[in-house]
Every structure is written in structure tokens, then in C-alpha cells.
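See below for upload.cif, which holds mmCIF, C-alpha atoms.
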```
data_query
loop_
_atom_site.label_atom_id
_atom_site.label_comp_id
_atom_site.auth_asym_id
_atom_site.auth_seq_id
_atom_site.Cartn_x
_atom_site.Cartn_y
_atom_site.Cartn_z
CA MET A 1 -30.98 73.14 -12.64
CA GLY A 2 -32.76 69.84 -12.73
CA ARG A 3 -33.94 70.41 -16.31
CA GLN A 4 -30.76 69.08 -17.83
CA TYR A 5 -32.72 66.19 -19.25
CA SER A 6 -36.41 66.20 -20.11
CA VAL A 7 -38.75 63.49 -18.85
CA PRO A 8 -39.11 61.81 -22.30
CA GLU A 9 -35.33 61.79 -22.61
CA ARG A 10 -34.96 60.21 -19.17
CA LEU A 11 -37.57 57.58 -20.05
CA GLY A 12 -35.85 56.99 -23.40
CA ALA A 13 -32.48 56.44 -21.72
CA PHE A 14 -34.21 54.14 -19.24
CA GLY A 15 -35.59 52.22 -22.23
CA LEU A 16 -32.04 51.78 -23.51
CA ALA A 17 -31.06 50.24 -20.15
CA VAL A 18 -34.15 48.02 -20.27
CA GLY A 19 -33.11 46.82 -23.74
CA ALA A 20 -29.62 45.94 -22.51
CA ALA A 21 -31.03 44.16 -19.45
CA ALA A 22 -33.55 42.24 -21.57
CA ALA A 23 -30.75 41.05 -23.87
CA VAL A 24 -28.96 39.29 -20.99
CA TRP A 25 -32.02 38.47 -18.85
CA PRO A 26 -32.85 35.00 -20.30
CA ALA A 27 -29.27 33.80 -19.74
CA LEU A 28 -29.28 35.17 -16.19
CA SER A 29 -32.69 33.82 -15.19
CA ALA A 30 -32.01 30.40 -16.71
CA GLY A 31 -28.54 30.12 -15.17
CA ALA A 32 -29.25 31.40 -11.68
CA GLY A 33 -32.94 30.63 -11.43
CA LEU A 34 -33.63 34.33 -10.95
CA GLY A 35 -37.09 35.65 -11.58
CA LEU A 36 -38.91 38.91 -11.06
CA PRO A 37 -41.93 37.96 -8.96
CA CYS A 38 -45.00 40.14 -9.32
CA PRO A 39 -46.06 41.05 -5.77
CA LEU A 40 -49.65 41.90 -6.70
CA ARG A 41 -50.26 38.74 -8.74
CA TRP A 42 -48.50 36.68 -6.06
CA ALA A 43 -50.76 38.10 -3.35
CA THR A 44 -54.10 38.34 -5.16
CA GLY A 45 -53.84 36.46 -8.47
CA VAL A 46 -54.76 39.67 -10.30
CA PRO A 47 -52.20 41.06 -12.82
CA CYS A 48 -51.30 44.76 -12.59
CA PRO A 49 -51.07 47.11 -15.60
CA ALA A 50 -47.31 46.48 -15.83
CA CYS A 51 -47.76 42.70 -16.14
CA GLY A 52 -45.82 41.08 -18.98
CA LEU A 53 -43.28 43.88 -19.37
CA THR A 54 -40.29 41.60 -18.70
CA THR A 55 -41.59 39.08 -21.25
CA ALA A 56 -42.36 41.86 -23.75
CA ALA A 57 -38.86 43.35 -23.37
CA VAL A 58 -37.13 40.00 -23.82
CA GLU A 59 -39.26 39.11 -26.87
CA LEU A 60 -38.70 42.51 -28.50
CA VAL A 61 -34.90 42.60 -28.21
CA HIS A 62 -34.85 39.10 -29.67
CA GLY A 63 -36.85 40.30 -32.65
CA ARG A 64 -40.15 38.60 -31.84
CA VAL A 65 -42.34 41.68 -32.25
CA LEU A 66 -45.74 39.96 -32.27
CA ALA A 67 -44.94 37.95 -29.14
CA SER A 68 -43.82 41.19 -27.49
CA LEU A 69 -47.04 43.00 -28.42
CA GLY A 70 -49.03 40.02 -27.15
CA ALA A 71 -47.35 40.16 -23.74
CA ASN A 72 -47.60 43.93 -23.19
CA PRO A 73 -47.93 46.54 -25.97
CA VAL A 74 -46.77 49.35 -23.62
CA LEU A 75 -43.20 48.16 -24.02
CA ALA A 76 -43.29 48.81 -27.78
CA GLY A 77 -44.23 52.40 -26.86
CA LEU A 78 -41.18 52.65 -24.63
CA ALA A 79 -39.04 51.25 -27.45
CA LEU A 80 -40.44 53.90 -29.80
CA LEU A 81 -39.67 56.62 -27.24
CA THR A 82 -36.13 55.28 -26.93
CA ALA A 83 -35.71 55.24 -30.70
CA VAL A 84 -36.74 58.91 -30.89
CA THR A 85 -35.08 60.37 -27.79
CA VAL A 86 -31.69 58.64 -27.80
CA PRO A 87 -30.63 60.15 -31.18
CA LEU A 88 -32.05 63.47 -29.89
CA LEU A 89 -29.88 63.17 -26.76
CA ALA A 90 -26.83 62.48 -28.93
CA LEU A 91 -27.57 65.55 -31.08
CA ARG A 92 -28.02 67.67 -27.97
CA HIS A 93 -24.68 66.55 -26.59
CA LEU A 94 -23.11 67.60 -29.89
CA GLY A 95 -24.74 70.99 -29.41
CA LEU A 96 -26.93 70.69 -32.51
CA VAL A 97 -30.26 70.76 -30.67
CA ARG A 98 -31.30 73.26 -27.99
CA PRO A 99 -31.80 72.14 -24.35
CA PRO A 100 -35.33 71.05 -23.39
CA ARG A 101 -37.81 73.67 -22.20
CA PRO A 102 -40.07 72.82 -19.25
CA TRP A 103 -43.64 71.93 -20.20
CA SER A 104 -46.49 74.21 -19.26
CA PRO A 105 -48.66 73.00 -16.35
CA GLN A 106 -51.45 72.26 -18.86
CA ALA A 107 -49.16 70.12 -21.02
CA ARG A 108 -47.94 68.33 -17.90
CA ARG A 109 -51.54 67.69 -16.85
CA ARG A 110 -52.41 66.35 -20.32
CA ALA A 111 -49.40 64.01 -20.23
CA GLU A 112 -50.48 62.73 -16.80
CA VAL A 113 -54.03 62.05 -18.00
CA THR A 114 -52.68 60.30 -21.11
CA ALA A 115 -50.41 58.12 -18.96
CA LEU A 116 -53.34 57.22 -16.68
CA VAL A 117 -55.55 56.31 -19.66
CA ALA A 118 -52.71 54.20 -21.12
CA ALA A 119 -52.27 52.44 -17.75
CA ALA A 120 -56.01 51.73 -17.57
CA ALA A 121 -56.04 50.37 -21.13
CA SER A 122 -52.99 48.25 -20.33
CA TRP A 123 -54.76 46.87 -17.26
CA VAL A 124 -57.84 45.86 -19.29
CA PHE A 125 -55.48 44.18 -21.78
CA GLN A 126 -53.71 42.24 -19.00
CA LEU A 127 -56.96 41.22 -17.27
CA HIS A 128 -58.13 39.91 -20.64
CA ARG A 129 -54.79 38.14 -21.23
CA PHE A 130 -55.18 36.29 -17.92
CA GLY A 131 -58.80 35.41 -18.66
CA LEU A 132 -60.26 37.58 -15.89
CA ILE A 133 -62.27 39.50 -18.50
CA PRO A 134 -64.04 37.11 -20.89
CA SER A 135 -63.90 38.06 -24.57
CA MET B 1 -33.66 72.08 -4.98
CA ASN B 2 -30.92 69.89 -6.38
CA TYR B 3 -32.69 66.54 -6.51
CA ALA B 4 -30.70 63.35 -6.96
CA SER B 5 -31.22 61.70 -10.34
CA TRP B 6 -32.71 58.24 -10.72
CA PRO B 7 -29.51 56.46 -11.91
CA VAL B 8 -27.61 57.85 -8.90
CA ARG B 9 -30.32 56.57 -6.55
CA VAL B 10 -30.22 53.13 -8.20
CA GLY B 11 -26.43 53.16 -7.77
CA ALA B 12 -26.77 54.02 -4.09
CA ALA B 13 -29.29 51.20 -3.59
CA LEU B 14 -26.90 48.75 -5.29
CA VAL B 15 -23.99 49.84 -3.05
CA ASP B 16 -26.28 49.46 0.00
CA ALA B 17 -27.16 45.93 -1.10
CA ILE B 18 -23.59 44.68 -1.64
CA PRO B 19 -22.66 43.89 2.02
CA ALA B 20 -26.05 42.28 2.66
CA VAL B 21 -25.75 40.11 -0.44
CA ILE B 22 -22.18 39.09 0.48
CA LEU B 23 -23.18 38.19 4.06
CA SER B 24 -26.26 36.17 3.19
CA GLY B 25 -24.47 34.64 0.19
CA LEU B 26 -21.60 33.47 2.40
CA GLY B 27 -24.05 31.87 4.80
CA TYR B 28 -25.74 30.11 1.91
CA LEU B 29 -22.41 28.85 0.51
CA ILE B 30 -21.11 27.65 3.90
CA ALA B 31 -24.23 26.15 5.43
CA GLY B 32 -27.09 26.43 2.93
CA PRO B 33 -28.95 23.45 1.47
CA SER B 34 -27.24 21.64 -1.40
CA ALA B 35 -28.20 18.79 -3.72
CA ASP B 36 -26.51 16.09 -1.62
CA ASP B 37 -27.27 17.66 1.79
CA PRO B 38 -30.61 19.44 2.02
CA THR B 39 -30.18 20.40 5.70
CA ILE B 40 -29.49 24.00 6.70
CA GLY B 41 -26.62 24.51 9.15
CA PRO B 42 -26.72 26.98 12.08
CA LEU B 43 -24.09 29.18 10.40
CA TYR B 44 -26.65 29.96 7.72
CA TYR B 45 -28.84 31.66 10.32
CA VAL B 46 -25.85 33.43 11.91
CA PHE B 47 -24.98 35.04 8.57
CA ALA B 48 -28.63 35.84 7.87
CA LEU B 49 -28.76 37.60 11.25
CA LEU B 50 -25.54 39.52 10.46
CA SER B 51 -27.09 40.61 7.18
CA LEU B 52 -30.16 41.83 9.07
CA VAL B 53 -28.01 43.69 11.64
CA TYR B 54 -26.17 45.40 8.79
CA THR B 55 -29.47 46.40 7.18
CA VAL B 56 -30.84 47.86 10.44
CA TYR B 57 -27.61 49.81 11.01
CA ASN B 58 -27.20 50.97 7.41
CA ARG B 59 -30.72 51.72 6.21
CA TRP B 60 -32.36 52.93 9.41
CA TYR B 61 -29.56 54.19 11.67
CA LEU B 62 -27.29 55.74 9.00
CA GLY B 63 -30.24 56.44 6.67
CA GLY B 64 -31.97 58.17 9.55
CA GLN B 65 -28.91 60.36 10.03
CA GLY B 66 -29.15 61.51 6.40
CA ALA B 67 -27.24 58.98 4.32
CA SER B 68 -26.79 55.22 4.17
CA LEU B 69 -23.43 53.89 2.94
CA GLY B 70 -24.65 53.85 -0.65
CA LYS B 71 -25.98 57.42 -0.45
CA LYS B 72 -22.67 58.57 1.12
CA ALA B 73 -20.73 56.84 -1.67
CA LEU B 74 -22.86 58.49 -4.37
CA GLY B 75 -22.94 61.87 -2.64
CA VAL B 76 -26.65 62.21 -1.93
CA ARG B 77 -28.67 62.81 1.24
CA LEU B 78 -32.09 61.75 2.48
CA LEU B 79 -33.93 64.64 4.11
CA LYS B 80 -37.40 65.65 5.27
CA GLU B 81 -38.99 67.99 2.77
CA GLN B 82 -40.58 70.23 5.44
CA THR B 83 -37.54 70.77 7.68
CA GLY B 84 -34.53 69.88 5.55
CA GLN B 85 -33.37 67.69 8.44
CA PRO B 86 -32.62 63.93 8.40
CA LEU B 87 -35.54 61.55 8.97
CA GLY B 88 -34.23 59.84 12.12
CA PHE B 89 -34.24 56.09 12.79
CA GLY B 90 -38.04 55.77 13.00
CA GLY B 91 -38.59 57.93 9.94
CA ALA B 92 -36.17 55.94 7.81
CA PHE B 93 -37.83 52.73 9.05
CA VAL B 94 -41.34 53.95 8.18
CA ARG B 95 -40.09 55.06 4.74
CA ASP B 96 -38.83 51.54 4.08
CA ILE B 97 -42.17 50.09 5.19
CA CYS B 98 -43.84 52.45 2.69
CA HIS B 99 -41.67 50.96 -0.07
CA ILE B 100 -44.28 48.15 0.00
CA VAL B 101 -46.49 50.57 -1.97
CA ASP B 102 -43.72 51.02 -4.57
CA THR B 103 -43.37 47.24 -4.80
CA ILE B 104 -47.02 46.15 -4.88
CA ILE B 105 -47.65 48.05 -8.15
CA CYS B 106 -45.03 45.86 -9.82
CA TYR B 107 -42.08 48.07 -8.80
CA ILE B 108 -43.36 51.08 -10.77
CA GLY B 109 -43.13 53.21 -7.61
CA TYR B 110 -39.37 52.89 -7.81
CA LEU B 111 -39.48 54.40 -11.33
CA PHE B 112 -41.36 57.54 -10.20
CA PRO B 113 -38.13 59.61 -9.82
CA LEU B 114 -37.73 59.30 -13.62
CA TRP B 115 -40.65 61.69 -14.20
CA ASP B 116 -41.75 63.09 -10.84
CA ALA B 117 -41.13 66.83 -10.44
CA LYS B 118 -39.51 66.32 -7.02
CA ARG B 119 -37.92 62.99 -8.02
CA GLN B 120 -39.82 61.19 -5.26
CA THR B 121 -40.80 57.53 -5.05
CA LEU B 122 -44.27 56.87 -3.63
CA ALA B 123 -42.61 56.07 -0.27
CA ASP B 124 -40.95 59.50 -0.41
CA LYS B 125 -44.30 61.14 -1.10
CA ILE B 126 -46.02 59.33 1.78
CA THR B 127 -43.30 60.14 4.32
CA GLY B 128 -42.50 63.58 2.86
CA SER B 129 -38.86 62.78 2.19
CA LEU B 130 -36.50 64.00 -0.53
CA VAL B 131 -33.22 62.66 -1.88
CA VAL B 132 -30.93 65.57 -2.77
CA LYS B 133 -27.35 66.04 -3.88
CA ALA B 134 -25.12 66.54 -0.84
#
```
Target format C-alpha cells, applied to this file:
Amino acid sequence: MGRQYSVPERLGAFGLAVGAAAAVWPALSAGAGLGLPCPLRWATGVPCPACGLTTAAVELVHGRVLASLGANPVLAGLALLTAVTVPLLALRHLGLVRPPRPWSPQARRRAEVTALVAAAASWVFQLHRFGLIPS
Amino acid sequence: MNYASWPVRVGAALVDAIPAVILSGLGYLIAGPSADDPTIGPLYYVFALLSLVYTVYNRWYLGGQGASLGKKALGVRLLKEQTGQPLGFGGAFVRDICHIVDTIICYIGYLFPLWDAKRQTLADKITGSLVVKA
């Protein structure tokens, strides 16, 4: 139990929900004055590695790819993951693809290191975007 | 262990939030500031206090006993990993304080159950708590 869905599949399905939320977000935030405050930037003025994800999601679902990449390229990665895993999930539910097998500890470790490196790269990108690292 | 999935936990959190949102929203509608009258009436604070009382009762009293209203509704329980017992009032309170860590990294801590092996948020890891199917 608990391996019904693999981690990439869960992230992919999450990406689908993000896409749906991003489609309605501008109308919601403009109408109700809602916003998603960044606690770290609010407290210290420094952006975190996830900075710009809301903007990037909204830009991408409205077809403005370059603006999305400029806000936070990580979101395009999530979109790619969604594009790959959601059809896979559909095929699996039709019984055409076998259930996911758990990753080996080494593969899990590699994925963790990759995620950390991506987060670090994203942080450098955001610090640069906010002018805290001069070009 | 039969860990609760992330969508179920989000659902439970939404159910938990409904009464608090209704209470504070009512106070805002009845006595909150408006364009023609920027003053805040005393009823606003009464409803804000009611919302707080609900939160204390729901999140820390009921949560400490193993399940807040939302977790009951979605059929999951909040337990200590070591003992399998509920956290108790203080434990549930400390866990909520630790949610600051989940929030300060731009809410990513709340996404941890999507990939974490034990489906824990960072607050769960710090306080050694698990959310499992009841």
C-alpha cells in the first residue's frame, strides 16, 4: 500500500491542479484583492527559491511562455512533468501500463540531490531577478 | 503504515477552515470597515474572538485528541509516530507553531507530503507526528 501513485505522478497531478488554479487566479485576485504573500520576502526582503511561481503559472496557462520562464523556469519543469505523467496516469487507469515500482534508495538519493541542485539554481536565478546578485 | 494522501489532508484543512472563515467573515460584514464608514464596531472583535475560540477548540483540543473536525470528516487521524497515540493539546499546539517553518519557505513545507516517504510536512517531522487513515 501507499505505492498506488508514484511521486512523479503525484507531482504531475498537482501540476494539473496548479494549472486550473492559475487559470482562475487573476480573476480571483483582482476581484477580491486576494494575494499570496511571500513570508520570507515580507520578513527579510530576500526572495526564496520558489519566488515567482504564482506569476509563472498564471503566465504559462495564458500562453505567455517567455514571461513565465522569466518569472520562474521551475514551473515549466512542473508543466513538462504534468504533460508526461497525466497521460501515463490515464493509461494506467485503463490497465495498459503496469503500476509504478518503488525506486531504489540510490535512485531516491539521486533525485533528492537533483532537486536540491535545482532549488539552489532557482534561488540564484531569483536573487538575480531581484537585483541582489549583480550581473 | 497507511499514510493519508496529500489531497485528503488539503481537504481536511479546508473543512477545518470553513467555520473560522464564516465567523470572521460575518464579523467583517456586520461591523467591519466599509467605504462610507471606516470605523470597526465591537461586534467585529466579538466574532474574531469566536473564530479564535473555535480554532483553539478544533485544532488543539480536538486535534490533540487525534482528529480535528476536518480530519474526522475526511477519515484521517493525527498521531505521534513513536507511540501511535494522539499528540495532546500541547503537542497539537506546538505542531501548529512549527507550521511557521512550512510557511517561511514559501509554503513548500505544506507540499512535502506529495513526495515524502512518510507523507510528513516539516512540522510533522519536527514534532514526530504522522497523519494516517483512520
Can you check which parts of chain B lie within 12 Å of chain A? Per residue, the shortest pair of atoms and distance in Å to one decimal, counting all atoms listed in the file, sorted by chain and number, as CSV.
```
residue,atom,partner,partner_atom,distance
B:Met1,CA,A:Gly2,CA,8.1
B:Asn2,CA,A:Gly2,CA,6.6
B:Tyr3,CA,A:Gly2,CA,7.0
B:Ala4,CA,A:Gly2,CA,8.9
B:Ser5,CA,A:Gly2,CA,8.6
B:Trp6,CA,A:Arg10,CA,9.0
B:Pro7,CA,A:Phe14,CA,9.0
B:Val10,CA,A:Phe14,CA,11.8
B:Ile100,CA,A:Pro39,CA,9.3
B:Val101,CA,A:Pro39,CA,10.3
B:Asp102,CA,A:Pro39,CA,10.3
B:Thr103,CA,A:Pro39,CA,6.8
B:Ile104,CA,A:Pro39,CA,5.3
B:Ile105,CA,A:Cys48,CA,6.6
B:Cys106,CA,A:Cys38,CA,5.7
B:Tyr107,CA,A:Cys38,CA,8.5
B:Ile108,CA,A:Ala50,CA,7.9
B:Gly109,CA,A:Ala50,CA,11.4
B:Leu111,CA,A:Leu11,CA,9.5
B:Phe112,CA,A:Leu11,CA,10.6
B:Pro113,CA,A:Val7,CA,9.8
B:Leu114,CA,A:Arg10,CA,6.3
B:Trp115,CA,A:Val7,CA,5.3
B:Asp116,CA,A:Val7,CA,8.6
B:Ala117,CA,A:Gly2,CA,9.2
B:Lys118,CA,A:Gly2,CA,9.5
B:Arg119,CA,A:Gly2,CA,9.8
B:Val132,CA,A:Gly2,CA,11.0
B:Lys133,CA,A:Gly2,CA,11.0
```
Explicit residue set for the PyMOL selection byres ((chain B and resi 94) around 12), as an NGL selection string: :B and (59-60 or 63-64 or 87-93 or 95-101 or 123-124 or 126-129)
CA of Pro19 in chain B to CA of Pro26 in chain A, distance in Å rounded to a single decimal: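 Interatomic distance, CA of Pro19 in chain B to CA of Pro26 in chain A: 26.1 Å.
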Gap from CA of Leu79 in chain B to CA of Gln65 in chain B - Å, one decimal: 8.9 Å
Residues matched by the PyMOL selection byres ((chain B and resi 23) around 12), written as a list in words: Ala17, Ile18, Pro19, Ala20, Val21, Ile22, Ser24, Gly25, Leu26, Gly27, Tyr28, Leu29, Ile30, Leu43, Tyr44, Tyr45, Val46, Phe47, Ala48, Leu49, Leu50, Ser51, Leu52, Val53, Tyr54 and Thr55 of chain B
Result set of the PyMOL selection byres ((chain A and resi 123) around 12) on the coordinates above, as a ChimeraX atom specification: /A:46-52,71-74,116-122,124-130,132-133 /B:105
Residue neighbourhood Ala90 in chain A, 12 Å, all atoms listed in the file, exclusion window fewer than 5 positions, as a ChimeraX atom specification: /A:5,9,12-13,82-85,95-99
Separation of CA of Leu16 in chain A from CA of Leu80 in chain A in Å: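 These atoms are spaced 10.7 Å apart.
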Just need the box for range 112-129 of chain A, edges along x, y and z, holding every atom the file lists for it with 5 Å tacked onto each side, so centre and edge lengths in Å to one decimal, as lines of an AutoDock Vina configuration file.
```
center_x = -54.3
center_y = 50.4
center_z = -19.2
size_x = 17.7
size_y = 34.6
size_z = 15.1
```
For Ala57 in chain A, the nearest of the candidates A:Ala17, A:Ala22, A:Ala27, A:Ala107, counting all atoms listed in the file: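 Closest candidate: A:Ala22.
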